[in-house]
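Here is the structure we will look at, set down as structure tokens.
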Amino acid sequence: MGSYGMLSMRAISTNPPVMVQIQEVIRGAKDAVSLAQGVVFWQPPKEALDKVKELVWEPSISCYGADEGLPELREALITKLRRENNLHNSSVMVTAGANQAFVNIVLTLCDAGDSVVMFAPYYFNAYMSFQMTGVTNIIVGPGDPKTLYPDAEWLRKTLKETKPTPKLVTVVNPGNPSGTYIPDPLLRNIADICKDAGCWLVVDNTYEYFMYDGLKHTCVEGNHIVNIFSFSKAYGMMGWRVGYIAYPSEVGGFGEQLLKIQDSIPICAAIISQRLALFALEMGPGWVTDQVKTLVRNREIVLKALSPLGDDAVRGGEGAIYLWAKLPDSKVDDFEVVRWLARKHGVVVIPGSACGCPGHVRISFGGLVEEETVIAAARLRKGLEELVKSGIVD
């Protein structure tokens with residue numbers, strides 16, 4: 001029997017996690033700085049951390065909580081959804097981060113062998129979630145070459161012609177890996193197309209507060225729409241692992257089926273993490289937007305560092321914490337370029353092949369303070385200048 005003989009083919013055929021590969025690259029590169037992982041440089045609000053510190057010895061912190069989340073947190077989130085997101089007919093489940101929220105949704109809505117639709121460049125962990133749950137027919141749609149907006153007419157045609165109809169369509173807004181914001185009219189058009197076709201629309205709103213240049217984030221709601229949110233980036237709570245699902249209240253049985261999945265995976269999100277989330281919410285959205293303002297300068301610094309690739313090579317950056325860049329045509333092996341940049345120039349980015357777009361890279365401008373971003377950007381620019389000039393990755 002081969003070494004894989006007793007292992008799940010669903011796991012074996014799932015793409016390797018790119019962030020694990022990138023962490024290996026970082027370990028192998030001396031003193032490398034990272035523009036790779038999607039993180040922010042700030043910690044949760046000090047006031048919230050101080051309150052949590054006082055709860056460590058409280059017995060309830062060490063006990064299981066309600067599967068769907070602490071009642072007071074869910075109540076606060078429903079209020080937030082109505083006030084900030086204009087979602088008035090949604091119920092809430094708290095999860096151990098947005099990735100776990102997405103897995104819950106896939107397991108609740110999809111069967112092995114179903115078809116689903118994503119748009120390139122796509123979020124690699126969402127793609128992996130489909131693979132490992134047996135959703136093998138992943139239809140990847142095109143984005144507009146200039147804007148990276150999902151192609152709505154392609155979607156309409158694909159949902160009409162694919163039999164059986166794909167079970168769900170998913171987008172991240174603003175985007176990961178692109179930082180592209182889907183304008184409200186287009187998002188509503190996509191929602192209507194999904195409704196007409198009889199399929200679900202799952203929208204990941206992790207970066208709802210990360211909007212630039214006066215753009216405003218909006219959500220859509222309906223009995224065929226599920227929205228995902230996260231505390232990780234907004235409140236600097238990456239390691240605390242708290243996200244939540246806003247699902248249609250009027251769809252009978254949805255919450256009941258979600259609970260089956262939730263109880264089988266985390267039972268509940270960590271109680272102390274949920275308490276911190278509740279305290280963080282009390283700070284209000286203004287606290288988050290103040291942090292996000294500090295990233296505007298980071299974005300400018302990184303954007304300038306990408307200039308050797310040419311004016312037409314860089315896309316996105318209207319939202320989230322990412323810029324999306326096309327490498328020179330001769331360098332389609334983006335992972336080799338990533339390794340070379342780390343090894344020779346001491347800066348790390350994400351290969352676009354992990355997001356369905358070989359020959360591109362994702363650059364994150366959220367994880368470093370401005371002074372550190374200047375250092376990382378200088379290394380990146382120097383590497384890209386050499387790449388463009390010599391075309392050699394040695």
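Ordering of the structure tokens sets the chain letters (A, B, ...); residue numbers start at 1 within each chain; ligands are numbered from 1 in the order shown.
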Near-Leu259 in chain A list (10 Å; only C-alpha atoms; drop same-chain fewer than 2 positions) as a ChimeraX atom specification: /A:67-68,93,104,108,253-257,261-265,267-268
Write the residues of the preceding selection, restricted to C-alpha atoms, as a compact mmCIF listing (two decimals), in the first residue's frame.
# COMPACT_ATOMS: atom_id res chain seq x y z
CA ASP A 67 -23.16 27.05 19.73
CA GLU A 68 -24.45 30.08 17.84
CA MET A 93 -24.02 32.81 14.11
CA ASN A 104 -19.90 26.15 7.74
CA THR A 108 -24.66 23.61 4.93
CA GLY A 253 -34.15 25.25 8.67
CA PHE A 254 -31.06 27.25 7.71
CA GLY A 255 -30.04 27.97 11.27
CA GLU A 256 -30.81 24.43 12.38
CA GLN A 257 -28.52 22.97 9.72
CA ILE A 261 -21.97 21.92 11.41
CA GLN A 262 -20.99 24.32 14.18
CA ASP A 263 -21.42 21.74 16.92
CA SER A 264 -19.25 19.27 15.01
CA ILE A 265 -16.33 21.63 14.42
CA ILE A 267 -18.87 23.74 19.27
CA CYS A 268 -18.53 27.47 19.83
Every residue of range 65-174 of chain A that DSSP places in alpha helix (DSSP H), as a ChimeraX atom specification: /A:71-85,98-109,124-132,152-161
7 Å contact set for range 82-92 of chain A, only C-alpha atoms, chain neighbours under 3 positions out, as a ChimeraX atom specification: /A:74,78-79,218-219,221,244-249
Output file for the selection above: N, CA and C atoms, as a PDB file, in the first residue's frame:
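Result saved to selection_9.pdb:
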ATOM      1  N   ARG A  74     -24.434  38.288  19.999  1.00  0.00           N
ATOM      2  CA  ARG A  74     -25.314  38.162  18.835  1.00  0.00           C
ATOM      3  C   ARG A  74     -26.303  39.324  18.771  1.00  0.00           C
ATOM      4  N   ILE A  78     -26.549  41.933  15.669  1.00  0.00           N
ATOM      5  CA  ILE A  78     -27.779  42.199  14.920  1.00  0.00           C
ATOM      6  C   ILE A  78     -28.032  43.700  14.850  1.00  0.00           C
ATOM      7  N   THR A  79     -27.798  44.392  15.979  1.00  0.00           N
ATOM      8  CA  THR A  79     -27.929  45.855  15.984  1.00  0.00           C
ATOM      9  C   THR A  79     -26.936  46.484  15.016  1.00  0.00           C
ATOM     10  N   THR A 218     -21.161  48.695   0.917  1.00  0.00           N
ATOM     11  CA  THR A 218     -22.570  48.340   1.063  1.00  0.00           C
ATOM     12  C   THR A 218     -22.731  46.826   1.039  1.00  0.00           C
ATOM     13  N   CYS A 219     -23.836  46.369   1.607  1.00  0.00           N
ATOM     14  CA  CYS A 219     -24.188  44.951   1.607  1.00  0.00           C
ATOM     15  C   CYS A 219     -25.502  44.743   0.862  1.00  0.00           C
ATOM     16  N   GLU A 221     -28.983  42.013   0.742  1.00  0.00           N
ATOM     17  CA  GLU A 221     -29.716  41.071   1.585  1.00  0.00           C
ATOM     18  C   GLU A 221     -30.821  40.415   0.777  1.00  0.00           C
ATOM     19  N   TYR A 244     -18.412  36.013  11.930  1.00  0.00           N
ATOM     20  CA  TYR A 244     -19.839  35.710  12.082  1.00  0.00           C
ATOM     21  C   TYR A 244     -20.532  35.647  10.729  1.00  0.00           C
ATOM     22  N   ILE A 245     -21.606  34.883  10.731  1.00  0.00           N
ATOM     23  CA  ILE A 245     -22.436  34.675   9.552  1.00  0.00           C
ATOM     24  C   ILE A 245     -23.748  35.414   9.749  1.00  0.00           C
ATOM     25  N   ALA A 246     -24.164  36.181   8.743  1.00  0.00           N
ATOM     26  CA  ALA A 246     -25.497  36.781   8.716  1.00  0.00           C
ATOM     27  C   ALA A 246     -26.294  36.042   7.643  1.00  0.00           C
ATOM     28  N   TYR A 247     -27.218  35.216   8.084  1.00  0.00           N
ATOM     29  CA  TYR A 247     -27.968  34.379   7.144  1.00  0.00           C
ATOM     30  C   TYR A 247     -29.449  34.744   7.171  1.00  0.00           C
ATOM     31  N   PRO A 248     -30.200  34.450   6.101  1.00  0.00           N
ATOM     32  CA  PRO A 248     -31.591  34.898   6.001  1.00  0.00           C
ATOM     33  C   PRO A 248     -32.497  34.254   7.058  1.00  0.00           C
ATOM     34  N   SER A 249     -33.117  35.092   7.866  1.00  0.00           N
ATOM     35  CA  SER A 249     -33.974  34.613   8.955  1.00  0.00           C
ATOM     36  C   SER A 249     -35.199  33.864   8.449  1.00  0.00           C
TER      37      SER A 249
END
Minimum-distance residue to Ala48 in chain A, chosen among A:Ala320, A:Ile301, A:Leu276, A:Ile350 (using only C-alpha atoms): A:Leu276
Spatial neighbours of range 30-39 of chain A, max dist 6 Å, only C-alpha atoms, sep filter under 3 positions, as a PyMOL selection string: chain A and resi 346-350+363-364+366-367
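Counting only C-alpha atoms, range 144-161 of chain A has the following residues at most 7 Å away, ignoring those fewer than 2 positions along the same chain: A:Phe119, A:Pro142, A:Lys163, A:Thr165, A:Pro166, A:Thr180, A:Ile182, A:Ile190, A:Ile193, A:Ala197, A:Arg315.
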Selection from above, C-alpha atoms, as an mmCIF file, in the first residue's frame, can you write it?
data_model
loop_
_atom_site.group_PDB
_atom_site.id
_atom_site.type_symbol
_atom_site.label_atom_id
_atom_site.label_comp_id
_atom_site.auth_asym_id
_atom_site.auth_seq_id
_atom_site.Cartn_x
_atom_site.Cartn_y
_atom_site.Cartn_z
ATOM 1 C CA PHE A 119 -14.121 34.879 -9.914
ATOM 2 C CA PRO A 142 -13.295 36.205 -15.449
ATOM 3 C CA LYS A 163 -26.789 22.002 -15.768
ATOM 4 C CA THR A 165 -27.431 25.019 -11.963
ATOM 5 C CA PRO A 166 -24.428 25.855 -9.755
ATOM 6 C CA THR A 180 -11.012 45.601 -5.680
ATOM 7 C CA ILE A 182 -17.465 45.802 -6.267
ATOM 8 C CA ILE A 190 -25.013 39.862 -9.331
ATOM 9 C CA ILE A 193 -28.746 37.147 -11.418
ATOM 10 C CA ALA A 197 -31.058 31.358 -11.484
ATOM 11 C CA ARG A 315 -4.880 46.832 -10.105
#
Range 325-341 of chain A surroundings by only C-alpha atoms, 9 Å radius, close-in-sequence under 3 positions cut, as an NGL selection string: :A and (22 or 25-26 or 29 or 178 or 306 or 309 or 312-316 or 344-354 or 358-363 or 379-380 or 383-384 or 387-388 or 391-394)
I'd like a table as JSON lines: residues in range 164-275 of chain A with an atom no more than 12 Å from range 121-124 of chain A, each row giving the shortest atom pair and its distance in Å to one decimal, only C-alpha atoms counted, sorted by chain and rising residue number.
{"residue": "A:Val169", "atom": "CA", "partner": "A:Tyr122", "partner_atom": "CA", "distance": 11.8}
{"residue": "A:Thr170", "atom": "CA", "partner": "A:Tyr122", "partner_atom": "CA", "distance": 9.3}
{"residue": "A:Val171", "atom": "CA", "partner": "A:Tyr122", "partner_atom": "CA", "distance": 8.0}
{"residue": "A:Val172", "atom": "CA", "partner": "A:Tyr123", "partner_atom": "CA", "distance": 7.6}
{"residue": "A:Asn173", "atom": "CA", "partner": "A:Tyr123", "partner_atom": "CA", "distance": 10.9}
{"residue": "A:Pro174", "atom": "CA", "partner": "A:Tyr123", "partner_atom": "CA", "distance": 11.5}
{"residue": "A:Gly175", "atom": "CA", "partner": "A:Tyr123", "partner_atom": "CA", "distance": 8.2}
{"residue": "A:Asn176", "atom": "CA", "partner": "A:Tyr123", "partner_atom": "CA", "distance": 5.6}
{"residue": "A:Pro177", "atom": "CA", "partner": "A:Tyr123", "partner_atom": "CA", "distance": 6.0}
{"residue": "A:Ser178", "atom": "CA", "partner": "A:Pro121", "partner_atom": "CA", "distance": 6.9}
{"residue": "A:Gly179", "atom": "CA", "partner": "A:Pro121", "partner_atom": "CA", "distance": 10.4}
{"residue": "A:Thr180", "atom": "CA", "partner": "A:Pro121", "partner_atom": "CA", "distance": 10.2}
{"residue": "A:Val203", "atom": "CA", "partner": "A:Tyr123", "partner_atom": "CA", "distance": 11.9}
{"residue": "A:Asp204", "atom": "CA", "partner": "A:Tyr123", "partner_atom": "CA", "distance": 10.0}
{"residue": "A:Thr206", "atom": "CA", "partner": "A:Tyr123", "partner_atom": "CA", "distance": 11.8}
Near-range 57-59 of chain A list (12 Å; only C-alpha atoms; drop same-chain fewer than 6 positions) as a ChimeraX atom specification: /A:65,271-272,275
Backbone DSSP call of strand (DSSP E or B) for range 124-286 of chain A, listed as a ChimeraX atom specification: /A:137-141,143,150,168-172,200-204,211,225-230,243-248
